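Data block below; observations after.
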Amino acid sequence: MKTASGYTDNSLEMTPKKRILIVEDQFIEAHDLQLILEKANYEVTGIVRSVDQALEQIEFEKPDLVFLDIMLRGTGNGIDLAHILKEKHIAFIFVSANSSKKILDQAKTTEPYGFIVKPFRDQDVLTTLEIAFYRKQYSLESQLKQQLLMQHEIIEIIDSKLKWEEALLLLGKKIQTFIPFDYLEVGFANSTYYDNLGIMRKNQDDYQIINAARLSKIADISIVELNETYQKSKTDTAPIIYSEENLINSFQAAPIKSIIAHNFGIKSYLVFPVTVSSLQRFYFTFYSRNFNMYSDENLKLLSGLENSLIQFITKLYSGEIIKTTENNSQISSQKNTKSEKTVLNCEGIIGNSTHMMTVFNYIRKVAPSDTSVLVLGESGTGKEKIAQNIHALSPRKDQPLVIINCGAIPENLAESLLFGHEKGAFTGALDKRIGKFELADGGTIFLDEIGEMPLELQVKLLRVLQEREIERIGGKSPIKVDVRIIAATNKNLEEEVAAGRFRMDLYYRLHVFPIMVPPLRKRKDDISILAEHFINLYSGKMNRKVPALSENALQTILNYNWPGNIRELEHVIQRTLLLTDGNVIKDIELSMSSKIHPEQTAESFSIKTILENERDYILYILKKCNGKISGAGGAAEILDIHPSTLNSKIKKLEIKREIN
């Protein structure tokens, strides 16, 4: 049979037919879709018109993928069904009558495998299907690779003969790549006293052991109070994720978790118990300072690692009583894991903020695979550095990394530059030219500013991604290439798709593993260390003594919003050093930057709406009550409203219950 690109693929006829369910309430469109699919050798398991009918079909037919209209008959719509499909790990493609930003934003929250706009062509349907199954395949492969890699890491730790605390630190650092945490609590269930160990992540590569004595000092409660709190805390018998509303409820049932949350700024956590010999339960509890950090994918990975974790506990715990004193409670990562720094090596990327920790975790997570990566972020945030580090940590590191700025390619030379040409292919082609994709064979190609690529070139790029081959201009036969694609843009590609400036099929092909690089204004904790880095860098280049940064100068750069991000900060520091004569930087001149970005010079006064004021007040009361809603001293009592009314307002006002 032929693919959407028109190329014969006989292998498809040798494999079982993919089973597809159509959820569409318009008969003619559903029938047209069925004809397209069956003609392309897909099996349509049925056509249904409502969420209830779809769930019934899914239960019995077990489709490989669902085509899903957003507007359906009966109660519930396609967005509601999409959330259920996501939980069931069933791939789905939206079919919508429009591609407005509002619809795209709603669809994006469900993480679909594709999106088709009505009226659709045969090629639209088949290309989107190819992309969807490609994404699903790489998603499954990635999960399997993660599990195998982590199993191997655990075996290495077991064989290293490290002591219990040292082994725990190393395990925490290895698992951080796949299940990010700010605090990891481990230990056996104990009915009499609290003796769990905690691993607190201080920054990118520095972890600290927190034992019961240390926790009591941090929380400013006695060991006796800590033990009493632990004794009356409920323990979970099955894996579970706590976030948003059930997080608040969990603090009432398990006040020991509340103590940890309040003292470490926790906003979500995951509990994973494993049963060791003699039916003893050992708990791994991952805590994060971010809302909704954990998902079913994390639980799935931990379930696959359960036997390895049991082996880790059995071999290394050995029934010993853990006695971690104040003197050895802080163990730097440099002590036992020098090889870890070599593996991480996020060269050229500086930052210890929570946002950057997430980015580092994503880099390490995706680097070993061949998955396409889309790096998103404003200009000057360092997207190219992200691509360089993904390549450096991948199996392709010894092969070329070819960088292309799509916004700087002359349109008339674009195809020749990317794919090459034969001698005499056109006027002026005096010699054969090897294109960038061919040069990157075996390695990685980084397409910077992909949002600037012309539509005509987007079509050709899509074919390269689908067929894994290029054709030189004037060439007689296609050339197979093995390249990994990393793309980057500072544009909102969903808006570009909605405006018709970027192909939807290319967007979904690239959007397999997105990494959002935060702007500098959202990672202000990193500004001082970035400034120090640039001061040292340019002082060395100028052959001068490194000047100190005064408190006044530091406050100036901390208070500025940096619309030009790291690039702007670098240029400001470089200019400041040229203007500084002494050994202290007393002032930093931002006037030039302020003129370029006048909107950043001052924030105008804004009058809040009644709803905004109500939201702020409810959030203030919740913080004062430590998240408690009902009962004596709860937020509902203080606000003099029923707890169910308060819960409704919290949901309506989209309040994130931040707990200090």
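By convention in this document, the chains of the structure tokens carry letters A, B, ... by their order, each chain's residues are numbered from 1, and ligands are numbered from 1 in the order they are shown.
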(message) At a cut-off of 8 Å, using only C-alpha atoms, what residues contact stretch 481-492 of chain A? Leave out same-chain residues fewer than 6 positions from it and give the result as a PyMOL selection string.
(response) chain A and resi 370-379+383-384+387+437-438+440-451+468-470+510
Let me see the file: selected residues, C-alpha atoms, as a short mmCIF file (atom, residue, chain, number, x, y, z; two decimals), in the first residue's frame.
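Writing the result to result-v6.cif gives the following:
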```cif
data_model
loop_
_atom_site.label_atom_id
_atom_site.label_comp_id
_atom_site.auth_asym_id
_atom_site.auth_seq_id
_atom_site.Cartn_x
_atom_site.Cartn_y
_atom_site.Cartn_z
CA ASP A 370 16.26 9.15 19.35
CA THR A 371 13.04 11.01 20.14
CA SER A 372 12.48 14.34 18.39
CA VAL A 373 12.75 17.28 20.80
CA LEU A 374 11.10 20.70 20.56
CA VAL A 375 12.81 23.36 22.69
CA LEU A 376 10.48 26.27 23.46
CA GLY A 377 11.38 29.58 25.04
CA GLU A 378 11.89 33.29 24.55
CA SER A 379 14.86 34.76 22.69
CA LYS A 383 17.80 27.07 23.60
CA GLU A 384 20.88 26.21 21.53
CA ALA A 387 20.31 21.19 22.08
CA PHE A 437 21.01 16.71 6.55
CA GLU A 438 23.56 14.54 4.79
CA ALA A 440 24.47 15.31 10.00
CA ASP A 441 24.03 11.62 9.07
CA GLY A 442 24.50 9.52 12.21
CA GLY A 443 24.31 12.61 14.39
CA THR A 444 21.90 15.39 15.30
CA ILE A 445 20.49 18.33 13.38
CA PHE A 446 19.34 21.39 15.33
CA LEU A 447 16.73 23.49 13.53
CA ASP A 448 16.77 26.80 15.36
CA GLU A 449 13.83 29.21 14.88
CA ILE A 450 11.76 26.48 13.21
CA GLY A 451 8.76 28.82 13.38
CA ARG A 468 14.10 9.16 6.78
CA GLU A 469 15.55 10.06 3.39
CA ILE A 470 16.49 13.14 1.39
CA LEU A 510 8.16 17.69 16.31
#
```
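Around stretch 179-193 of chain A, within 7 Å and counting only C-alpha atoms, the residues found are Gly198, Ile199, Met200, Arg201, Asn227, Tyr230, Gln231, Arg281, Phe282, Tyr283, Phe284, Thr285, Phe286, Tyr287, Ser288, Arg289 and Asn298 of chain A, once anything fewer than 5 positions away on its own chain is removed.
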Please write the residues from the selection above to a file, keeping N, CA and C atoms, as a PDB file, in the first residue's frame.
```pdb
ATOM      1  N   GLY A 198      15.305  11.252  54.985  1.00  0.00           N
ATOM      2  CA  GLY A 198      14.939  12.121  53.876  1.00  0.00           C
ATOM      3  C   GLY A 198      16.172  12.506  53.080  1.00  0.00           C
ATOM      4  N   ILE A 199      15.978  12.703  51.783  1.00  0.00           N
ATOM      5  CA  ILE A 199      17.052  13.208  50.927  1.00  0.00           C
ATOM      6  C   ILE A 199      16.558  14.527  50.347  1.00  0.00           C
ATOM      7  N   MET A 200      17.164  15.621  50.754  1.00  0.00           N
ATOM      8  CA  MET A 200      16.762  16.943  50.275  1.00  0.00           C
ATOM      9  C   MET A 200      17.690  17.376  49.144  1.00  0.00           C
ATOM     10  N   ARG A 201      17.080  17.773  48.042  1.00  0.00           N
ATOM     11  CA  ARG A 201      17.878  18.273  46.929  1.00  0.00           C
ATOM     12  C   ARG A 201      18.124  19.765  47.124  1.00  0.00           C
ATOM     13  N   ASN A 227       7.382  11.900  66.913  1.00  0.00           N
ATOM     14  CA  ASN A 227       6.937  10.504  67.005  1.00  0.00           C
ATOM     15  C   ASN A 227       5.422  10.410  67.190  1.00  0.00           C
ATOM     16  N   TYR A 230       3.711  11.112  63.966  1.00  0.00           N
ATOM     17  CA  TYR A 230       3.876   9.976  63.053  1.00  0.00           C
ATOM     18  C   TYR A 230       2.931   8.836  63.424  1.00  0.00           C
ATOM     19  N   GLN A 231       2.781   8.594  64.715  1.00  0.00           N
ATOM     20  CA  GLN A 231       1.937   7.486  65.175  1.00  0.00           C
ATOM     21  C   GLN A 231       0.474   7.658  64.770  1.00  0.00           C
ATOM     22  N   ARG A 281       6.470  -3.412  54.875  1.00  0.00           N
ATOM     23  CA  ARG A 281       6.324  -2.414  53.818  1.00  0.00           C
ATOM     24  C   ARG A 281       7.416  -1.354  53.943  1.00  0.00           C
ATOM     25  N   PHE A 282       8.077  -1.109  52.832  1.00  0.00           N
ATOM     26  CA  PHE A 282       9.087  -0.057  52.761  1.00  0.00           C
ATOM     27  C   PHE A 282       8.541   1.023  51.831  1.00  0.00           C
ATOM     28  N   TYR A 283       8.650   2.297  52.235  1.00  0.00           N
ATOM     29  CA  TYR A 283       8.018   3.390  51.492  1.00  0.00           C
ATOM     30  C   TYR A 283       9.046   4.302  50.822  1.00  0.00           C
ATOM     31  N   PHE A 284       8.772   4.593  49.553  1.00  0.00           N
ATOM     32  CA  PHE A 284       9.467   5.661  48.834  1.00  0.00           C
ATOM     33  C   PHE A 284       8.430   6.759  48.608  1.00  0.00           C
ATOM     34  N   THR A 285       8.669   7.953  49.152  1.00  0.00           N
ATOM     35  CA  THR A 285       7.740   9.069  48.970  1.00  0.00           C
ATOM     36  C   THR A 285       8.486  10.224  48.314  1.00  0.00           C
ATOM     37  N   PHE A 286       8.046  10.577  47.103  1.00  0.00           N
ATOM     38  CA  PHE A 286       8.681  11.638  46.319  1.00  0.00           C
ATOM     39  C   PHE A 286       7.881  12.928  46.499  1.00  0.00           C
ATOM     40  N   TYR A 287       8.540  13.991  46.945  1.00  0.00           N
ATOM     41  CA  TYR A 287       7.883  15.276  47.180  1.00  0.00           C
ATOM     42  C   TYR A 287       8.403  16.312  46.180  1.00  0.00           C
ATOM     43  N   SER A 288       7.490  17.183  45.708  1.00  0.00           N
ATOM     44  CA  SER A 288       7.887  18.236  44.769  1.00  0.00           C
ATOM     45  C   SER A 288       7.313  19.585  45.197  1.00  0.00           C
ATOM     46  N   ARG A 289       8.048  20.648  44.891  1.00  0.00           N
ATOM     47  CA  ARG A 289       7.572  21.997  45.165  1.00  0.00           C
ATOM     48  C   ARG A 289       6.663  22.523  44.051  1.00  0.00           C
ATOM     49  N   ASN A 298       4.766   8.036  36.058  1.00  0.00           N
ATOM     50  CA  ASN A 298       5.745   7.828  37.133  1.00  0.00           C
ATOM     51  C   ASN A 298       5.442   6.544  37.904  1.00  0.00           C
TER      52      ASN A 298
END
```
(message) I'd like the interatomic distance between atom CA of A:Trp562 and atom CA of A:Tyr620, to a tenth of an Å.
(response)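 Computing it gives 29.3 Å between the two atoms.
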(request) Compile the contact shell of A:Val584 as a PyMOL selection string: residues with an atom at most 10 Å away, counting only C-alpha atoms, same-chain residues fewer than 3 positions apart removed. (result) chain A and resi 546-550+553+577+580-581+587
(request) Find the spatial neighbours of A:Ala91, counting only C-alpha atoms, within a cut-off of 10 Å - ignore same-chain residues fewer than 4 positions away - and output them as a list of chain:residue names. (result)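 Counting only C-alpha atoms, the residues come to A:Ile20, A:Pro63, A:Asp64, A:Leu65, A:Val66, A:Phe67, A:Ala82, A:Leu85, A:Lys86, A:Glu111, A:Pro112, A:Tyr113, A:Gly114, A:Ala132, A:Phe133, A:Arg135, A:Lys136.
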(request) May I ask which of the residues A:Ala261, A:Leu520, A:Ile223, A:Ile240 is the closest one to A:Lys300, counting only C-alpha atoms? (result)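 Among the listed residues, A:Ile240 lies closest to A:Lys300.
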(request) Would you return as JSON, numbers by chain the members of stretch 183-277 of chain A that DSSP assigns to strand (DSSP E or B) on this structure's backbone? (result) {"A": [183, 184, 185, 186, 187, 188, 197, 198, 199, 200, 201, 202, 203, 206, 207, 208, 209, 210, 240, 241, 242, 243, 268, 269, 270, 271, 272, 273, 274, 275, 276]}
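The two atoms in question, atom CA of A:Ile256 and atom CA of A:Thr229, are spaced 5.8 Å apart.
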(message) Nearest residue to A:Glu467 out of A:Lys108, A:Ile210, A:Ile479, A:Glu637, using only C-alpha atoms?
(response) A:Ile479
(message) Considering only alpha helix (DSSP H) as DSSP defines it on the backbone, what residues of stretch 434-465 of chain A qualify? List them as a VMD selection string.
(response) chain A and resid 436 to 439 455 to 465
Atoms kept (N, CA, C and O atoms) for selection, written as an mmCIF file, in the first residue's frame:
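The resulting file, out_22.cif, is shown below:
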```cif
data_model
loop_
_atom_site.group_PDB
_atom_site.id
_atom_site.type_symbol
_atom_site.label_atom_id
_atom_site.label_comp_id
_atom_site.auth_asym_id
_atom_site.auth_seq_id
_atom_site.Cartn_x
_atom_site.Cartn_y
_atom_site.Cartn_z
ATOM 1 N N LYS A 436 22.942 19.886 4.532
ATOM 2 C CA LYS A 436 23.110 19.811 5.985
ATOM 3 C C LYS A 436 22.617 18.485 6.558
ATOM 4 O O LYS A 436 23.230 17.943 7.490
ATOM 5 N N PHE A 437 21.522 17.968 6.031
ATOM 6 C CA PHE A 437 21.005 16.707 6.553
ATOM 7 C C PHE A 437 21.975 15.560 6.280
ATOM 8 O O PHE A 437 22.163 14.678 7.117
ATOM 9 N N GLU A 438 22.590 15.581 5.126
ATOM 10 C CA GLU A 438 23.565 14.540 4.791
ATOM 11 C C GLU A 438 24.808 14.673 5.666
ATOM 12 O O GLU A 438 25.394 13.670 6.102
ATOM 13 N N LEU A 439 25.210 15.913 5.928
ATOM 14 C CA LEU A 439 26.362 16.142 6.800
ATOM 15 C C LEU A 439 26.100 15.659 8.219
ATOM 16 O O LEU A 439 27.017 15.257 8.934
ATOM 17 N N LEU A 455 6.420 27.690 4.523
ATOM 18 C CA LEU A 455 5.515 26.538 4.422
ATOM 19 C C LEU A 455 5.995 25.522 3.392
ATOM 20 O O LEU A 455 5.898 24.311 3.618
ATOM 21 N N GLU A 456 6.508 25.998 2.263
ATOM 22 C CA GLU A 456 6.961 25.080 1.216
ATOM 23 C C GLU A 456 8.089 24.186 1.727
ATOM 24 O O GLU A 456 8.145 22.992 1.427
ATOM 25 N N LEU A 457 8.979 24.778 2.521
ATOM 26 C CA LEU A 457 10.090 24.003 3.073
ATOM 27 C C LEU A 457 9.606 23.085 4.193
ATOM 28 O O LEU A 457 10.172 22.003 4.415
ATOM 29 N N GLN A 458 8.555 23.496 4.912
ATOM 30 C CA GLN A 458 7.983 22.635 5.958
ATOM 31 C C GLN A 458 7.501 21.314 5.377
ATOM 32 O O GLN A 458 7.658 20.255 5.993
ATOM 33 N N VAL A 459 6.920 21.357 4.170
ATOM 34 C CA VAL A 459 6.439 20.140 3.505
ATOM 35 C C VAL A 459 7.603 19.198 3.245
ATOM 36 O O VAL A 459 7.520 17.985 3.499
ATOM 37 N N LYS A 460 8.709 19.734 2.761
ATOM 38 C CA LYS A 460 9.882 18.905 2.450
ATOM 39 C C LYS A 460 10.505 18.345 3.730
ATOM 40 O O LYS A 460 10.956 17.197 3.760
ATOM 41 N N LEU A 461 10.531 19.159 4.789
ATOM 42 C CA LEU A 461 11.070 18.679 6.064
ATOM 43 C C LEU A 461 10.215 17.553 6.616
ATOM 44 O O LEU A 461 10.741 16.561 7.139
ATOM 45 N N LEU A 462 8.895 17.675 6.498
ATOM 46 C CA LEU A 462 7.995 16.634 6.984
ATOM 47 C C LEU A 462 8.277 15.309 6.286
ATOM 48 O O LEU A 462 8.290 14.253 6.908
ATOM 49 N N ARG A 463 8.540 15.367 4.995
ATOM 50 C CA ARG A 463 8.826 14.139 4.253
ATOM 51 C C ARG A 463 10.122 13.488 4.742
ATOM 52 O O ARG A 463 10.222 12.273 4.881
ATOM 53 N N VAL A 464 11.120 14.318 5.035
ATOM 54 C CA VAL A 464 12.384 13.781 5.561
ATOM 55 C C VAL A 464 12.138 13.070 6.891
ATOM 56 O O VAL A 464 12.663 11.983 7.143
ATOM 57 N N LEU A 465 11.318 13.683 7.748
ATOM 58 C CA LEU A 465 11.019 13.078 9.045
ATOM 59 C C LEU A 465 10.245 11.770 8.889
ATOM 60 O O LEU A 465 10.444 10.818 9.650
#
```
(request) Identify, on the basis of only C-alpha atoms, every residue whose closest approach to A:Lys257 does not exceed 9 Å; exclude the query and any residue fewer than 6 positions from it along the same chain; express the result as a ChimeraX atom specification. (result) /A:230,233,250-251
Output N, CA and C atoms of each residue in that selection to a file, as a compact mmCIF listing (two decimals), in the first residue's frame.
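For reference, result-v7.txt as written:
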```txt
# COMPACT_ATOMS: atom_id res chain seq x y z
N TYR A 230 3.71 11.11 63.97
CA TYR A 230 3.88 9.98 63.05
C TYR A 230 2.93 8.84 63.42
N SER A 233 -0.56 9.21 62.13
CA SER A 233 -0.66 9.45 60.68
C SER A 233 -1.03 8.18 59.94
N SER A 250 -4.97 15.00 52.57
CA SER A 250 -3.97 14.05 53.07
C SER A 250 -3.27 14.59 54.31
N PHE A 251 -3.13 15.91 54.41
CA PHE A 251 -2.46 16.50 55.56
C PHE A 251 -3.26 16.28 56.85
```
Write out, as a tab-separated table, each residue of stretch 162-213 of chain A that has an atom at most 12 Å from stretch 361-365 of chain A, together with the closest pair of atoms and their distance in Å to one decimal, counting only C-alpha atoms, rows going by chain and rising number.
```
residue	atom	partner	partner_atom	distance
A:Lys173	CA	A:Asn361	CA	10.4
A:Lys174	CA	A:Arg364	CA	10.2
A:Ile175	CA	A:Asn361	CA	9.9
A:Gln176	CA	A:Asn361	CA	7.0
A:Thr177	CA	A:Asn361	CA	4.8
A:Phe178	CA	A:Lys365	CA	6.2
A:Ile179	CA	A:Asn361	CA	8.6
A:Pro180	CA	A:Asn361	CA	7.0
A:Phe181	CA	A:Asn361	CA	10.1
A:Gln204	CA	A:Asn361	CA	9.4
A:Asp205	CA	A:Asn361	CA	11.4
```
Output file for the selection above: N, CA, C and O atoms, as a PDB file, in the first residue's frame:
```
ATOM      1  N   LYS A 173      19.877  10.367  43.293  1.00  0.00           N
ATOM      2  CA  LYS A 173      20.410  11.151  42.186  1.00  0.00           C
ATOM      3  C   LYS A 173      20.150  10.490  40.844  1.00  0.00           C
ATOM      4  O   LYS A 173      19.876  11.158  39.847  1.00  0.00           O
ATOM      5  N   LYS A 174      20.209   9.146  40.826  1.00  0.00           N
ATOM      6  CA  LYS A 174      19.950   8.429  39.575  1.00  0.00           C
ATOM      7  C   LYS A 174      18.473   8.501  39.194  1.00  0.00           C
ATOM      8  O   LYS A 174      18.118   8.716  38.030  1.00  0.00           O
ATOM      9  N   ILE A 175      17.598   8.326  40.172  1.00  0.00           N
ATOM     10  CA  ILE A 175      16.163   8.286  39.887  1.00  0.00           C
ATOM     11  C   ILE A 175      15.603   9.681  39.642  1.00  0.00           C
ATOM     12  O   ILE A 175      14.530   9.841  39.048  1.00  0.00           O
ATOM     13  N   GLN A 176      16.349  10.715  40.070  1.00  0.00           N
ATOM     14  CA  GLN A 176      15.928  12.108  39.866  1.00  0.00           C
ATOM     15  C   GLN A 176      15.677  12.397  38.392  1.00  0.00           C
ATOM     16  O   GLN A 176      14.775  13.166  38.036  1.00  0.00           O
ATOM     17  N   THR A 177      16.470  11.784  37.509  1.00  0.00           N
ATOM     18  CA  THR A 177      16.335  12.004  36.079  1.00  0.00           C
ATOM     19  C   THR A 177      14.951  11.626  35.574  1.00  0.00           C
ATOM     20  O   THR A 177      14.402  12.261  34.680  1.00  0.00           O
ATOM     21  N   PHE A 178      14.381  10.570  36.160  1.00  0.00           N
ATOM     22  CA  PHE A 178      13.116  10.034  35.660  1.00  0.00           C
ATOM     23  C   PHE A 178      11.917  10.445  36.511  1.00  0.00           C
ATOM     24  O   PHE A 178      10.811  10.589  36.007  1.00  0.00           O
ATOM     25  N   ILE A 179      12.138  10.613  37.825  1.00  0.00           N
ATOM     26  CA  ILE A 179      11.063  11.041  38.721  1.00  0.00           C
ATOM     27  C   ILE A 179      11.606  12.201  39.557  1.00  0.00           C
ATOM     28  O   ILE A 179      12.189  11.989  40.618  1.00  0.00           O
ATOM     29  N   PRO A 180      11.418  13.423  39.094  1.00  0.00           N
ATOM     30  CA  PRO A 180      12.000  14.581  39.785  1.00  0.00           C
ATOM     31  C   PRO A 180      11.433  14.747  41.195  1.00  0.00           C
ATOM     32  O   PRO A 180      10.252  14.512  41.434  1.00  0.00           O
ATOM     33  N   PHE A 181      12.283  15.145  42.118  1.00  0.00           N
ATOM     34  CA  PHE A 181      11.828  15.400  43.491  1.00  0.00           C
ATOM     35  C   PHE A 181      12.679  16.502  44.109  1.00  0.00           C
ATOM     36  O   PHE A 181      13.829  16.715  43.723  1.00  0.00           O
ATOM     37  N   GLN A 204      21.481  21.563  41.840  1.00  0.00           N
ATOM     38  CA  GLN A 204      21.595  20.608  40.745  1.00  0.00           C
ATOM     39  C   GLN A 204      22.304  19.316  41.118  1.00  0.00           C
ATOM     40  O   GLN A 204      21.864  18.237  40.757  1.00  0.00           O
ATOM     41  N   ASP A 205      23.378  19.404  41.858  1.00  0.00           N
ATOM     42  CA  ASP A 205      24.177  18.205  42.112  1.00  0.00           C
ATOM     43  C   ASP A 205      24.559  18.080  43.578  1.00  0.00           C
ATOM     44  O   ASP A 205      25.580  17.486  43.911  1.00  0.00           O
TER      45      ASP A 205
END
```
(request) Rank A:Ser477, A:Thr235, A:Gln146, A:Gln466 by their smallest atom-to-atom distance to A:Leu126, using only C-alpha atoms, and report the top residue only. (result) A:Gln466
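All residues of protein, DNA or RNA that reach within 12 Å of A:Ile650, judged by only C-alpha atoms and not counting those fewer than 3 positions away in the chain, are Glu244, Glu245, Leu611, Glu614, Arg615, Asp616, Tyr617, Ile618, Leu619, Ile621, Leu622, Gly627, Ile629, Ala635, Ala636, Pro643, Ser644, Thr645, Leu646, Asn647, Leu653, Glu654, Ile655, Lys656 and Arg657 of chain A.
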